[in-house]
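Source file: work-v7.cif; contents: mmCIF, C-alpha atoms (C1' of nucleotides).
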```
data_query
#
loop_
_atom_site.label_atom_id
_atom_site.label_comp_id
_atom_site.auth_asym_id
_atom_site.auth_seq_id
_atom_site.Cartn_x
_atom_site.Cartn_y
_atom_site.Cartn_z
CA MET A 1 -6.13 29.17 -1.63
CA MET A 2 -5.70 31.82 1.02
CA THR A 3 -3.77 35.00 0.42
CA MET A 4 -0.60 34.89 2.46
CA LEU A 5 -0.48 37.28 5.38
CA GLN A 6 2.37 39.76 5.53
CA ALA A 7 4.59 37.73 7.83
CA TYR A 8 7.38 40.25 8.22
CA ASN A 9 7.29 44.00 8.80
CA VAL A 10 10.47 45.99 9.14
CA TYR A 11 8.65 48.75 10.99
CA GLU A 12 7.99 46.37 13.87
CA ASP A 13 10.43 46.43 16.74
CA ARG A 14 10.86 42.70 17.25
CA CYS A 15 10.59 41.57 13.66
CA PRO A 16 13.63 39.51 12.63
CA THR A 17 13.90 41.64 9.50
CA ARG A 18 15.20 44.40 11.74
CA MET A 19 18.38 42.42 12.38
CA VAL A 20 18.89 41.95 8.66
CA LEU A 21 18.23 45.62 7.97
CA ASP A 22 20.74 46.51 10.64
CA ARG A 23 23.29 44.30 8.93
CA LEU A 24 22.73 45.81 5.50
CA ALA A 25 22.42 49.36 6.77
CA ASP A 26 26.13 49.49 7.42
CA LYS A 27 28.74 51.44 5.51
CA TRP A 28 31.25 48.61 5.47
CA ALA A 29 28.76 45.87 4.60
CA LEU A 30 27.53 47.88 1.62
CA LEU A 31 31.05 48.55 0.37
CA ILE A 32 32.01 44.88 0.76
CA LEU A 33 28.94 43.65 -1.12
CA ASP A 34 29.52 46.25 -3.82
CA ARG A 35 33.15 45.29 -4.18
CA LEU A 36 32.27 41.62 -4.61
CA GLU A 37 29.88 42.29 -7.47
CA SER A 38 32.54 41.68 -10.12
CA GLY A 39 33.74 38.37 -8.67
CA PRO A 40 35.53 36.73 -5.72
CA VAL A 41 38.04 38.82 -3.80
CA ARG A 42 40.59 37.85 -1.16
CA PHE A 43 40.67 39.22 2.38
CA ASN A 44 43.65 41.52 2.06
CA HIS A 45 42.54 42.64 -1.36
CA LEU A 46 39.26 43.83 0.14
CA ARG A 47 41.16 45.51 2.91
CA ARG A 48 43.31 47.44 0.46
CA ASP A 49 40.44 48.36 -1.86
CA ILE A 50 38.06 49.56 0.83
CA LYS A 51 40.23 52.33 2.19
CA GLY A 52 40.04 52.88 5.90
CA ILE A 53 38.48 49.62 6.99
CA SER A 54 40.28 47.90 9.85
CA GLN A 55 41.13 44.22 9.83
CA LYS A 56 38.92 43.64 12.83
CA VAL A 57 35.85 45.26 11.33
CA LEU A 58 36.44 43.62 7.95
CA SER A 59 36.72 40.22 9.60
CA GLN A 60 33.62 40.75 11.74
CA THR A 61 31.53 42.09 8.89
CA LEU A 62 32.51 39.26 6.54
CA LYS A 63 31.61 36.71 9.20
CA LYS A 64 28.15 38.21 9.73
CA LEU A 65 27.45 38.47 6.01
CA GLU A 66 28.53 34.86 5.55
CA ARG A 67 26.28 33.73 8.38
CA ASP A 68 23.34 35.51 6.76
CA GLY A 69 24.01 33.67 3.51
CA LEU A 70 24.93 36.76 1.51
CA LEU A 71 28.47 35.71 0.76
CA SER A 72 30.58 32.56 0.78
CA ARG A 73 34.05 31.94 2.13
CA ALA A 74 36.45 29.61 0.33
CA VAL A 75 39.80 28.58 1.82
CA PHE A 76 42.61 27.41 -0.48
CA PRO A 77 45.53 25.56 1.17
CA THR A 78 48.24 27.58 -0.48
CA VAL A 79 51.14 29.05 1.43
CA PRO A 80 50.26 31.40 2.85
CA VAL A 81 46.64 30.36 2.94
CA THR A 82 44.29 32.06 0.48
CA VAL A 83 40.73 32.94 1.44
CA GLU A 84 38.29 34.07 -1.19
CA TYR A 85 34.99 35.79 -0.53
CA ALA A 86 32.21 35.79 -3.12
CA LEU A 87 28.57 36.71 -3.38
CA THR A 88 26.04 33.90 -3.07
CA PRO A 89 22.94 33.81 -5.30
CA LEU A 90 21.08 35.38 -2.39
CA GLY A 91 23.72 38.10 -2.14
CA ARG A 92 23.41 38.73 -5.87
CA THR A 93 19.79 39.73 -5.43
CA LEU A 94 21.12 42.79 -3.60
CA THR A 95 23.82 43.96 -5.99
CA GLN A 96 21.69 46.45 -7.92
CA THR A 97 20.28 48.02 -4.79
CA VAL A 98 23.58 48.07 -2.96
CA ALA A 99 25.34 49.68 -5.90
CA ALA A 100 22.63 52.30 -6.20
CA LEU A 101 22.90 53.28 -2.55
CA ALA A 102 26.69 53.05 -2.29
CA HIS A 103 27.21 55.22 -5.35
CA TRP A 104 24.30 57.65 -4.89
CA ALA A 105 26.58 60.04 -3.02
CA GLU A 106 29.07 60.09 -5.87
CA HIS A 107 26.37 61.39 -8.21
CA ASN A 108 24.74 63.78 -5.75
CA MET A 109 27.63 65.00 -3.66
CA ASP A 110 27.47 68.54 -5.01
CA ALA A 111 23.79 68.86 -4.17
CA VAL A 112 24.42 67.54 -0.66
CA LEU A 113 27.30 69.95 -0.10
CA ALA A 114 25.15 72.84 -1.29
CA ALA A 115 22.37 71.80 1.10
CA GLN A 116 24.82 71.59 3.98
CA ASP A 117 26.19 75.05 3.22
CA ALA A 118 22.68 76.51 3.07
CA TYR A 119 21.73 74.81 6.34
CA ASP A 120 24.85 75.97 8.15
CA ALA A 121 24.49 79.50 6.79
CA SER A 122 21.11 80.06 8.42
CA ALA A 123 22.02 81.39 11.84
CA ASP A 124 18.78 80.49 13.60
CA ARG A 125 19.78 76.97 14.47
CA MET B 126 34.30 68.38 -24.90
CA MET B 127 36.29 66.52 -22.32
CA THR B 128 34.91 63.57 -20.45
CA MET B 129 34.44 64.54 -16.84
CA LEU B 130 36.84 62.94 -14.41
CA GLN B 131 35.39 60.82 -11.65
CA ALA B 132 35.49 63.45 -8.93
CA TYR B 133 34.18 61.32 -6.09
CA ASN B 134 34.98 57.74 -5.11
CA VAL B 135 33.28 56.11 -2.17
CA TYR B 136 36.10 53.59 -1.84
CA GLU B 137 38.47 56.39 -0.88
CA ASP B 138 38.98 57.04 2.80
CA ARG B 139 38.77 60.82 2.77
CA CYS B 140 36.18 61.26 0.05
CA PRO B 141 33.22 63.35 1.27
CA THR B 142 30.90 60.71 -0.19
CA ARG B 143 31.90 58.51 2.74
CA MET B 144 30.10 60.82 5.14
CA VAL B 145 26.97 60.66 3.01
CA LEU B 146 27.20 56.88 2.74
CA ASP B 147 27.57 56.71 6.48
CA ARG B 148 24.41 58.76 6.86
CA LEU B 149 22.37 56.61 4.48
CA ALA B 150 23.81 53.33 5.71
CA ASP B 151 21.82 53.63 8.89
CA LYS B 152 18.82 51.58 9.94
CA TRP B 153 16.87 54.55 11.27
CA ALA B 154 17.67 56.87 8.37
CA LEU B 155 16.46 54.27 5.88
CA LEU B 156 13.23 53.67 7.79
CA ILE B 157 12.58 57.41 8.09
CA LEU B 158 13.15 58.04 4.39
CA ASP B 159 10.97 55.05 3.53
CA ARG B 160 8.20 56.22 5.81
CA LEU B 161 8.18 59.66 4.20
CA GLU B 162 7.69 58.28 0.71
CA SER B 163 3.92 58.63 0.85
CA GLY B 164 3.94 62.23 2.07
CA PRO B 165 4.78 64.52 5.02
CA VAL B 166 4.69 63.02 8.51
CA ARG B 167 4.86 64.67 11.94
CA PHE B 168 7.54 63.97 14.54
CA ASN B 169 5.51 61.90 16.97
CA HIS B 170 3.81 60.09 14.13
CA LEU B 171 7.21 58.94 12.88
CA ARG B 172 8.12 57.94 16.39
CA ARG B 173 5.03 55.78 16.74
CA ASP B 174 5.31 54.23 13.28
CA ILE B 175 8.98 53.33 13.46
CA LYS B 176 8.76 51.04 16.43
CA GLY B 177 11.68 51.15 18.80
CA ILE B 178 13.29 54.43 17.76
CA SER B 179 14.04 56.78 20.66
CA GLN B 180 13.19 60.47 20.60
CA LYS B 181 16.84 61.38 20.80
CA VAL B 182 17.90 59.27 17.84
CA LEU B 183 14.87 60.32 15.79
CA SER B 184 15.63 63.98 16.47
CA GLN B 185 19.32 63.59 15.65
CA THR B 186 18.70 61.60 12.50
CA LEU B 187 16.08 64.02 11.20
CA LYS B 188 18.44 66.93 11.80
CA LYS B 189 21.25 65.28 9.85
CA LEU B 190 18.99 64.28 6.96
CA GLU B 191 17.64 67.83 6.83
CA ARG B 192 21.15 69.26 6.80
CA ASP B 193 22.05 66.99 3.89
CA GLY B 194 19.05 68.25 1.95
CA LEU B 195 17.22 64.94 1.89
CA LEU B 196 14.21 66.12 3.82
CA SER B 197 12.55 69.39 4.83
CA ARG B 198 11.17 70.50 8.17
CA ALA B 199 8.05 72.67 8.37
CA VAL B 200 6.82 74.21 11.63
CA PHE B 201 3.14 75.16 12.00
CA PRO B 202 2.25 77.51 14.89
CA THR B 203 -0.61 75.42 16.18
CA VAL B 204 -1.04 74.54 19.83
CA PRO B 205 0.81 72.44 20.55
CA VAL B 206 3.22 73.18 17.74
CA THR B 207 3.10 70.91 14.71
CA VAL B 208 6.28 69.93 12.86
CA GLU B 209 6.08 68.17 9.54
CA TYR B 210 8.89 66.35 7.82
CA ALA B 211 8.83 65.65 4.09
CA LEU B 212 11.17 64.39 1.39
CA THR B 213 12.85 67.00 -0.77
CA PRO B 214 13.26 66.42 -4.53
CA LEU B 215 16.79 65.26 -3.73
CA GLY B 216 15.43 62.87 -1.14
CA ARG B 217 12.95 61.54 -3.66
CA THR B 218 15.77 60.35 -5.88
CA LEU B 219 16.47 57.79 -3.16
CA THR B 220 13.00 56.43 -2.51
CA GLN B 221 13.18 53.47 -4.89
CA THR B 222 16.60 52.39 -3.61
CA VAL B 223 15.73 52.94 0.03
CA ALA B 224 12.51 50.97 -0.29
CA ALA B 225 14.32 48.12 -2.02
CA LEU B 226 16.90 47.85 0.74
CA ALA B 227 14.55 48.43 3.65
CA HIS B 228 12.12 45.79 2.46
CA TRP B 229 14.58 43.25 1.04
CA ALA B 230 14.64 41.43 4.35
CA GLU B 231 10.85 41.07 4.34
CA HIS B 232 11.06 39.16 1.07
CA ASN B 233 14.15 37.12 1.89
CA MET B 234 13.87 36.53 5.61
CA ASP B 235 13.28 32.80 5.28
CA ALA B 236 16.38 32.35 3.14
CA VAL B 237 18.44 34.32 5.66
CA LEU B 238 17.12 32.31 8.60
CA ALA B 239 17.92 29.07 6.75
CA ALA B 240 21.45 30.31 6.05
CA GLN B 241 21.93 31.24 9.70
CA ASP B 242 20.74 27.81 10.84
CA ALA B 243 23.08 26.08 8.41
CA TYR B 244 25.99 28.26 9.52
CA ASP B 245 25.35 27.72 13.22
CA ALA B 246 24.83 23.99 12.71
CA SER B 247 28.35 23.44 11.38
CA ALA B 248 30.35 22.82 14.53
CA ASP B 249 33.75 23.77 13.16
CA ARG B 250 33.36 27.45 13.84
"C1'" DT C 251 68.44 35.11 10.56
"C1'" DC C 252 65.39 38.38 9.32
"C1'" DC C 253 61.80 40.08 6.20
"C1'" DT C 254 57.90 39.15 3.50
"C1'" DA C 255 53.25 37.48 2.67
"C1'" DT C 256 48.84 35.30 4.04
"C1'" DA C 257 44.42 35.87 7.25
"C1'" DG C 258 43.12 36.74 10.89
"C1'" DT C 259 42.63 37.64 16.76
"C1'" DA C 260 43.36 40.42 21.07
"C1'" DT C 261 43.46 44.58 23.48
"C1'" DC C 262 42.56 49.11 24.67
"C1'" DC C 263 40.14 53.46 24.56
"C1'" DA C 264 36.94 56.94 22.51
"C1'" DT C 265 32.66 57.45 20.40
"C1'" DT C 266 28.10 56.17 19.77
"C1'" DG C 267 23.44 54.39 20.86
"C1'" DG C 268 19.54 53.48 23.68
"C1'" DA C 269 16.59 54.13 28.03
"C1'" DA C 270 14.71 57.20 30.77
"C1'" DA C 271 13.89 61.59 32.74
"C1'" DC C 272 13.19 66.33 32.04
"C1'" DC C 273 11.57 70.80 29.63
"C1'" DA C 274 8.33 74.49 27.64
"C1'" DT C 275 3.93 75.56 26.06
"C1'" DG C 276 -1.00 75.63 26.25
"C1'" DT C 277 -5.68 73.03 26.48
"C1'" DT C 278 -8.73 70.11 28.61
"C1'" DT C 279 -10.33 67.60 32.70
"C1'" DC C 280 -11.45 66.93 37.51
"C1'" DG D 281 -6.91 75.79 40.74
"C1'" DA D 282 -4.21 71.62 40.21
"C1'" DA D 283 -3.33 67.76 37.55
"C1'" DA D 284 -3.17 65.36 33.25
"C1'" DC D 285 -2.24 65.37 28.36
"C1'" DA D 286 -0.57 66.76 23.87
"C1'" DT D 287 3.11 68.73 21.08
"C1'" DG D 288 8.45 68.36 19.84
"C1'" DG D 289 12.13 68.13 21.49
"C1'" DT D 290 16.92 68.16 25.01
"C1'" DT D 291 19.64 66.15 28.79
"C1'" DT D 292 21.74 62.61 31.30
"C1'" DC D 293 23.65 58.31 32.12
"C1'" DC D 294 25.47 53.76 31.13
"C1'" DA D 295 26.41 49.87 28.07
"C1'" DA D 296 27.76 48.56 23.58
"C1'" DT D 297 30.11 49.42 19.49
"C1'" DG D 298 34.04 50.97 16.51
"C1'" DG D 299 38.62 52.05 15.32
"C1'" DA D 300 43.74 51.98 16.04
"C1'" DT D 301 47.27 49.22 17.19
"C1'" DA D 302 49.74 45.26 18.33
"C1'" DC D 303 50.11 40.40 18.21
"C1'" DT D 304 49.62 35.38 16.26
"C1'" DA D 305 50.79 31.32 13.12
"C1'" DT D 306 52.82 29.50 9.05
"C1'" DA D 307 56.23 29.17 5.49
"C1'" DG D 308 59.00 31.05 1.43
"C1'" DG D 309 62.78 33.97 -0.03
"C1'" DA D 310 67.03 37.12 0.58
#
```
Take the structure in this file and express it as structure tokens.
Amino acid sequence: MMTMLQAYNVYEDRCPTRMVLDRLADKWALLILDRLESGPVRFNHLRRDIKGISQKVLSQTLKKLERDGLLSRAVFPTVPVTVEYALTPLGRTLTQTVAALAHWAEHNMDAVLAAQDAYDASADR
Amino acid sequence: MMTMLQAYNVYEDRCPTRMVLDRLADKWALLILDRLESGPVRFNHLRRDIKGISQKVLSQTLKKLERDGLLSRAVFPTVPVTVEYALTPLGRTLTQTVAALAHWAEHNMDAVLAAQDAYDASADR
DNA sequence: TCCTATAGTATCCATTGGAAACCATGTTTC
DNA sequence: GAAACATGGTTTCCAATGGATACTATAGGA
């Protein structure tokens, strides 16, 4: 049996993985995926939890993540209608990584602030 | 001894961690950090390896990552001048996570493409 | 009748991102 | 001696994206 060639390479310009990376490398997408780790969440609940996200961007981002198979959308015919978003099994394969990146800043903020101060303090920029 | 309060929360709108998340949640920043994992790399080498990045965006992104303390910039007075970029110890704390996210698509591209096909095939969109 | 809630869409404008040209320096090539 | 090439950028311009705000539809409750 032949060894499989590396079919995809994210360093290549026209590789389809670039589109996926571009989707994941997004502040809002990461926060949405992270927020869904503990179970399904409704649209407005996401909007309230992820402070500062607009309805438009939330809607657009959810749609793209659903299309990529990372999350699922379930509509319940209540009044008013209820829409629940949840991670798919594929989306779950990202939860560890997403959480690590989304929360890295919380654990290293002081070091980053110190670096910024040092950088800004050197006049020769 | 008191338990430390959670000082930073990336779900909060005005938390400084949001700026850092915004920096990391960037296609080019992730590829740069990933490319530097194996050691220092020069400017034009990065530009050639990361296919499709423009000089302007590479320059801007490197500057921001340096300011945040994630990478260092070393100038050597050769002719022409040589500039080397390398991960700092702080930057190294991200390598595992960055690699996981940057290369996730390479391992799951087929599943994503299948999900996109299924999504696009359902006419009721 | 008006206010609330749901989950969005539509519109407008400012910011950002990418493509391409330009810059400064010095070495090699013709 | 002039042109080409290498380095590591900056500048300029235009299109695309993002965010703020307003609007939609439906129906229950005050």
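Once region 5-19 of chain A and its same-chain neighbours fewer than 5 positions away are set aside, Asp174, Ile175, Lys176, Gly177, His228, Ala230, Glu231 and Met234 of chain B remain within 7 Å of it when counting all atoms listed in the file.
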Sorted by chain and rising residue number, list the residues of region 166-230 of chain B at most 12 Å from region 92-98 of chain A (counting all atoms listed in the file), each with its closest atom pair and distance in Å to one decimal, as JSON lines.
```
{"residue": "B:Leu219", "atom": "CA", "partner": "A:Thr97", "partner_atom": "CA", "distance": 10.6}
{"residue": "B:Thr220", "atom": "CA", "partner": "A:Thr97", "partner_atom": "CA", "distance": 11.4}
{"residue": "B:Gln221", "atom": "CA", "partner": "A:Thr97", "partner_atom": "CA", "distance": 9.0}
{"residue": "B:Thr222", "atom": "CA", "partner": "A:Thr97", "partner_atom": "CA", "distance": 5.8}
{"residue": "B:Val223", "atom": "CA", "partner": "A:Thr97", "partner_atom": "CA", "distance": 8.3}
{"residue": "B:Ala224", "atom": "CA", "partner": "A:Thr97", "partner_atom": "CA", "distance": 9.5}
{"residue": "B:Ala225", "atom": "CA", "partner": "A:Thr97", "partner_atom": "CA", "distance": 6.6}
{"residue": "B:Leu226", "atom": "CA", "partner": "A:Thr97", "partner_atom": "CA", "distance": 6.5}
{"residue": "B:Ala227", "atom": "CA", "partner": "A:Thr97", "partner_atom": "CA", "distance": 10.2}
{"residue": "B:His228", "atom": "CA", "partner": "A:Thr97", "partner_atom": "CA", "distance": 11.1}
{"residue": "B:Trp229", "atom": "CA", "partner": "A:Leu94", "partner_atom": "CA", "distance": 8.0}
{"residue": "B:Ala230", "atom": "CA", "partner": "A:Leu94", "partner_atom": "CA", "distance": 10.3}
```
Quick one: superpose chain B onto chain A using all C-alpha atoms paired in order, least squares, and give it to me as a tab-separated table (two decimals) with C-alpha atoms, in the frame of the given file.
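Listing of result_31.tsv after writing:
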```tsv
chain	number	residue	atom	x	y	z
B	126	MET	CA	-6.02	29.84	-2.39
B	127	MET	CA	-5.58	32.30	0.41
B	128	THR	CA	-3.52	35.42	0.06
B	129	MET	CA	-0.45	35.09	2.21
B	130	LEU	CA	-0.38	37.30	5.27
B	131	GLN	CA	2.46	39.77	5.58
B	132	ALA	CA	4.63	37.70	7.89
B	133	TYR	CA	7.43	40.20	8.36
B	134	ASN	CA	7.33	43.95	8.93
B	135	VAL	CA	10.50	45.95	9.27
B	136	TYR	CA	8.66	48.71	11.11
B	137	GLU	CA	8.03	46.33	14.00
B	138	ASP	CA	10.48	46.42	16.87
B	139	ARG	CA	10.91	42.69	17.39
B	140	CYS	CA	10.65	41.55	13.79
B	141	PRO	CA	13.70	39.48	12.76
B	142	THR	CA	13.94	41.61	9.62
B	143	ARG	CA	15.26	44.39	11.85
B	144	MET	CA	18.44	42.42	12.48
B	145	VAL	CA	18.92	41.93	8.75
B	146	LEU	CA	18.25	45.60	8.06
B	147	ASP	CA	20.77	46.48	10.71
B	148	ARG	CA	23.32	44.29	8.99
B	149	LEU	CA	22.73	45.79	5.55
B	150	ALA	CA	22.41	49.35	6.81
B	151	ASP	CA	26.12	49.47	7.44
B	152	LYS	CA	28.73	51.43	5.51
B	153	TRP	CA	31.26	48.61	5.46
B	154	ALA	CA	28.77	45.87	4.61
B	155	LEU	CA	27.51	47.86	1.63
B	156	LEU	CA	31.02	48.53	0.36
B	157	ILE	CA	31.99	44.87	0.75
B	158	LEU	CA	28.92	43.62	-1.09
B	159	ASP	CA	29.48	46.22	-3.81
B	160	ARG	CA	33.11	45.26	-4.19
B	161	LEU	CA	32.22	41.59	-4.61
B	162	GLU	CA	29.84	42.27	-7.48
B	163	SER	CA	32.48	41.64	-10.12
B	164	GLY	CA	33.67	38.34	-8.66
B	165	PRO	CA	35.49	36.71	-5.72
B	166	VAL	CA	38.02	38.81	-3.81
B	167	ARG	CA	40.59	37.84	-1.17
B	168	PHE	CA	40.68	39.22	2.37
B	169	ASN	CA	43.66	41.53	2.05
B	170	HIS	CA	42.53	42.64	-1.38
B	171	LEU	CA	39.24	43.81	0.13
B	172	ARG	CA	41.16	45.51	2.89
B	173	ARG	CA	43.29	47.44	0.43
B	174	ASP	CA	40.41	48.35	-1.88
B	175	ILE	CA	38.03	49.56	0.80
B	176	LYS	CA	40.19	52.33	2.13
B	177	GLY	CA	40.01	52.90	5.85
B	178	ILE	CA	38.44	49.62	6.97
B	179	SER	CA	40.29	47.91	9.82
B	180	GLN	CA	41.12	44.22	9.83
B	181	LYS	CA	38.92	43.66	12.83
B	182	VAL	CA	35.84	45.27	11.33
B	183	LEU	CA	36.43	43.62	7.95
B	184	SER	CA	36.73	40.22	9.62
B	185	GLN	CA	33.64	40.75	11.76
B	186	THR	CA	31.54	42.08	8.90
B	187	LEU	CA	32.52	39.25	6.56
B	188	LYS	CA	31.64	36.70	9.23
B	189	LYS	CA	28.19	38.19	9.76
B	190	LEU	CA	27.46	38.46	6.04
B	191	GLU	CA	28.56	34.84	5.60
B	192	ARG	CA	26.33	33.72	8.45
B	193	ASP	CA	23.38	35.49	6.82
B	194	GLY	CA	24.04	33.65	3.58
B	195	LEU	CA	24.93	36.74	1.57
B	196	LEU	CA	28.47	35.69	0.80
B	197	SER	CA	30.59	32.53	0.82
B	198	ARG	CA	34.08	31.95	2.15
B	199	ALA	CA	36.49	29.60	0.36
B	200	VAL	CA	39.85	28.59	1.82
B	201	PHE	CA	42.65	27.43	-0.50
B	202	PRO	CA	45.59	25.59	1.14
B	203	THR	CA	48.27	27.64	-0.54
B	204	VAL	CA	51.19	29.13	1.34
B	205	PRO	CA	50.32	31.48	2.79
B	206	VAL	CA	46.70	30.43	2.90
B	207	THR	CA	44.34	32.09	0.45
B	208	VAL	CA	40.77	32.97	1.44
B	209	GLU	CA	38.29	34.07	-1.17
B	210	TYR	CA	34.99	35.76	-0.53
B	211	ALA	CA	32.20	35.76	-3.11
B	212	LEU	CA	28.54	36.69	-3.34
B	213	THR	CA	26.04	33.87	-3.01
B	214	PRO	CA	22.93	33.78	-5.23
B	215	LEU	CA	21.08	35.36	-2.31
B	216	GLY	CA	23.70	38.06	-2.09
B	217	ARG	CA	23.37	38.70	-5.79
B	218	THR	CA	19.75	39.69	-5.35
B	219	LEU	CA	21.09	42.75	-3.54
B	220	THR	CA	23.76	43.92	-5.95
B	221	GLN	CA	21.63	46.40	-7.89
B	222	THR	CA	20.21	47.97	-4.72
B	223	VAL	CA	23.54	48.03	-2.92
B	224	ALA	CA	25.28	49.64	-5.88
B	225	ALA	CA	22.55	52.26	-6.17
B	226	LEU	CA	22.86	53.24	-2.52
B	227	ALA	CA	26.63	53.01	-2.29
B	228	HIS	CA	27.14	55.18	-5.34
B	229	TRP	CA	24.24	57.61	-4.89
B	230	ALA	CA	26.51	60.01	-3.05
B	231	GLU	CA	28.99	60.05	-5.93
B	232	HIS	CA	26.26	61.34	-8.23
B	233	ASN	CA	24.65	63.74	-5.78
B	234	MET	CA	27.54	64.98	-3.70
B	235	ASP	CA	27.38	68.52	-5.03
B	236	ALA	CA	23.69	68.82	-4.19
B	237	VAL	CA	24.36	67.52	-0.68
B	238	LEU	CA	27.25	69.92	-0.13
B	239	ALA	CA	25.07	72.82	-1.32
B	240	ALA	CA	22.31	71.77	1.08
B	241	GLN	CA	24.78	71.57	3.95
B	242	ASP	CA	26.13	75.04	3.18
B	243	ALA	CA	22.62	76.48	3.03
B	244	TYR	CA	21.69	74.78	6.31
B	245	ASP	CA	24.82	75.94	8.12
B	246	ALA	CA	24.47	79.46	6.72
B	247	SER	CA	21.10	80.04	8.38
B	248	ALA	CA	22.06	81.39	11.78
B	249	ASP	CA	18.86	80.48	13.60
B	250	ARG	CA	19.93	76.97	14.42
```
*When the PyMOL selection byres ((chain C) within 9 of (chain A)) is applied to the file above, which residues end up in the set, as a ChimeraX atom specification?*
/C:255-259
*Could you tell me which residues the PyMOL selection byres ((chain D) within 9 of (chain B)) grabs in this file, written as a VMD selection string?*
chain D and resid 286 to 290
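Once the PyMOL selection byres ((chain C and resi 263-265) around 8) is applied to this file, the selection holds DC262 and DT266 of chain C; DG298 of chain D.
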*Determine, counting only C-alpha atoms (C1' of nucleotides), which protein, DNA and RNA residues have an atom within 10 Å of an atom of DT254 (chain C); residues of the same chain fewer than 4 positions away are not included. Present the result as a list in words.*
DG308, DG309 and DA310 of chain D
Can you sort out region 221-237 of chain B so it carries N, CA and C atoms, written as a short mmCIF file (atom, residue, chain, number, x, y, z; two decimals), in the coordinates of the input?
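Saved file rebuild_28.cif follows:
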```cif
data_model
loop_
_atom_site.label_atom_id
_atom_site.label_comp_id
_atom_site.auth_asym_id
_atom_site.auth_seq_id
_atom_site.Cartn_x
_atom_site.Cartn_y
_atom_site.Cartn_z
N GLN B 221 13.20 54.82 -4.33
CA GLN B 221 13.18 53.47 -4.89
C GLN B 221 14.25 52.60 -4.24
N THR B 222 15.47 53.14 -4.17
CA THR B 222 16.60 52.39 -3.61
C THR B 222 16.39 52.10 -2.14
N VAL B 223 15.95 53.11 -1.41
CA VAL B 223 15.73 52.94 0.03
C VAL B 223 14.65 51.88 0.29
N ALA B 224 13.58 51.95 -0.47
CA ALA B 224 12.51 50.97 -0.29
C ALA B 224 13.01 49.57 -0.59
N ALA B 225 13.80 49.44 -1.65
CA ALA B 225 14.32 48.12 -2.02
C ALA B 225 15.16 47.53 -0.90
N LEU B 226 16.03 48.36 -0.33
CA LEU B 226 16.90 47.85 0.74
C LEU B 226 16.13 47.61 2.03
N ALA B 227 15.26 48.55 2.37
CA ALA B 227 14.55 48.43 3.65
C ALA B 227 13.62 47.22 3.66
N HIS B 228 13.09 46.88 2.49
CA HIS B 228 12.12 45.79 2.46
C HIS B 228 12.69 44.48 1.93
N TRP B 229 13.97 44.48 1.55
CA TRP B 229 14.58 43.25 1.04
C TRP B 229 14.44 42.13 2.05
N ALA B 230 14.69 42.46 3.31
CA ALA B 230 14.64 41.43 4.35
C ALA B 230 13.26 40.80 4.46
N GLU B 231 12.21 41.62 4.25
CA GLU B 231 10.85 41.07 4.34
C GLU B 231 10.61 39.99 3.30
N HIS B 232 11.27 40.13 2.14
CA HIS B 232 11.06 39.16 1.07
C HIS B 232 12.04 37.99 1.13
N ASN B 233 13.11 38.15 1.90
CA ASN B 233 14.15 37.12 1.89
C ASN B 233 14.47 36.59 3.28
N MET B 234 13.61 36.90 4.22
CA MET B 234 13.87 36.53 5.61
C MET B 234 14.03 35.02 5.78
N ASP B 235 13.21 34.25 5.12
CA ASP B 235 13.28 32.80 5.28
C ASP B 235 14.61 32.25 4.77
N ALA B 236 15.09 32.79 3.67
CA ALA B 236 16.38 32.35 3.14
C ALA B 236 17.50 32.72 4.11
N VAL B 237 17.41 33.90 4.71
CA VAL B 237 18.44 34.32 5.66
C VAL B 237 18.42 33.43 6.90
#
```
